[in-house]
Every structure is written in C-alpha cells, then in structure tokens.
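*Asks:* So that we are looking at the same thing, I have put the structure below in structure tokens.
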Amino acid sequence: DVPARSQIIQIMAEGKPVVGLDPAAIAKKIDDFSGADIKAMFDQAIEAALGEAMKSGQIVPVSQKMLLQTAKQVKPSTRKWFESAKNYALYANQSGFYDDVLDYLGIRKP
C-alpha cells in the first residue's frame with residue numbers, strides 16, 4: 001500500500017545524497033512494488049547519479065526524477081508471485097492455507 005511504500009522509500013533515502021523527494025508521490029506511482037523492488041529502483045538511481053558525478057566531477061544527488069525514471073525499468077516482482085499464489089489458491093488449496101490470497105484478490109472459492 002502507499003503508506004508502506006512511502007515509508008520504505010524514506011528508509012532507503014536515509015544517509016544517501018537525495019534532493020527533492022516526495023516519498024508519498026513516488027509511492028503512488030510504483031503500485032505493486034515490493035521492498036526489494038524499491039531497493040532495486042534506488043540502486044539503479046544511485047548508479048545513474050554516480051555515473052553523472054563521474055562525468056561532471058561533482059556530487060549528483062538522487063532526485064525524484066531519477067527514481068521515477070529507474071522505476072520504469074524495474075518490473076514489480078509481486079505480480080509474478082501473486083499469479084503463482086493465485087494458481088496454488090485455486091487448484092491446490094485443500095488445507096485453506098491460501099484463503100487469504102483469494103480474499104486479497106477478491107476471488108471466491110470454487
């Protein structure tokens with residue numbers, strides 16, 4: 001959810017050279033991102049900032065624009081997981097272990 005992703009973004013930004021970040025605005029644009037996906041987004045943005053810093057010889061902070069650009073390159077891993085979990089929930093859920101997944105996805109048990 002947006003508040004959780006926003007908090008993860010704030011934590012990831014701590015101790016890093018960042019400028020002009022609006023974690024809530026970024027979180028709204030990265031629906032389905034897991035914490036690992038957000039870390040990958042930050043890692044790629046930091047690499048981009050380091051590349052620019054090497055060229056210019058000056059510190060280049062990570063900006064919101066950089067994060068949003070790198071977010072386009074990161075595929076949310078949760079989609080694949082939910083698709084797999086959905087299949088388990090629908091076809092191999094005799095114990096009811098995946099009932100919460102069905103509830104989250106808004107699917108009624110067959």
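Letters A, B, ... go to the chains of the structure tokens in the order shown; residues in each chain start at 1; ligands are counted from 1 in the same order.
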Would you give me, as a PyMOL selection string, the residues in chain A that DSSP reads as helix (DSSP H, G or I)?

*Replies:* chain A and resi 2-13+23-29+35-56+64-71+77-91+99-105

*Asks:* Can you tell me, as a list in words, which residues in chain A count as strand (DSSP E or B) by DSSP?

*Replies:*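 The residues of chain A classed as strand (DSSP E or B) are Val18, Val19, Val62 and Ser63 of chain A.
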
*Asks:* Given only C-alpha atoms as the basis, pick out the residue of A:Asp103, A:Asp1, A:Asp32, A:Asp43 nearest to Lys16 of chain A.

*Replies:* A:Asp43

*Asks:* Choose the residue, out of A:Lys39, A:Lys109, A:Arg5, A:Lys55, that has the smallest atom-to-atom separation from Lys86 of chain A; count only C-alpha atoms.

*Replies:* A:Lys109

*Asks:* So that I can check the surroundings of Ala25 of chain A, please list as a ChimeraX atom specification every protein, DNA and RNA residue that reaches within 12 Å of it, counting only C-alpha atoms and ignoring chain neighbours fewer than 5 positions away.

*Replies:* /A:2-3,5-7,9-10,20,30-31,64-65,67-68

*Asks:* For segment 48-54 of chain A, please output as a ChimeraX atom specification all residues within 12 Å (counting only C-alpha atoms; exclusion window: fewer than 3 positions along the same chain).

*Replies:* /A:16-19,41-45,57-67,69-70

*Asks:* Might you pull out every residue within 12 Å of Ile107 of chain A, with only C-alpha atoms counted and same-chain residues fewer than 3 positions away left off, and present them as a list in words?

*Replies:*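 Counting only C-alpha atoms, the residues come to Lys86, Asn87, Ala89, Leu90, Tyr98, Asp99, Asp100, Val101, Leu102, Asp103, Tyr104 and Pro110 of chain A.
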
*Asks:* Looking at A:Ser56, A:Thr78, A:Ser95, A:Ser84, which one is nearest to Gly35 of chain A, with distances taken over only C-alpha atoms?

*Replies:*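 Under the stated criterion, the closest residue is A:Thr78.
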
*Asks:* What's the separation between atom CA of Gln73 of chain A and atom CA of Ala27 of chain A, in Å to one decimal place?

*Replies:*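 Answer for the atom CA of Gln73 of chain A to atom CA of Ala27 of chain A separation: 15.5 Å.
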
*Asks:* Please list as a JSON list (two decimals) with C-alpha atoms, in the first residue's frame every residue within 7 Å of Ser34 of chain A, counting only C-alpha atoms and excluding residues in the same chain fewer than 4 positions away.

*Replies:*
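Result file is selection-v4.json:
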[["chain", "number", "residue", "atom", "x", "y", "z"],
["A", 38, "ILE", "CA", 12.07, -0.35, -4.27],
["A", 76, "PRO", "CA", 7.28, -5.40, -9.91],
["A", 77, "SER", "CA", 8.08, -8.87, -8.59],
["A", 78, "THR", "CA", 4.79, -9.11, -6.69]]
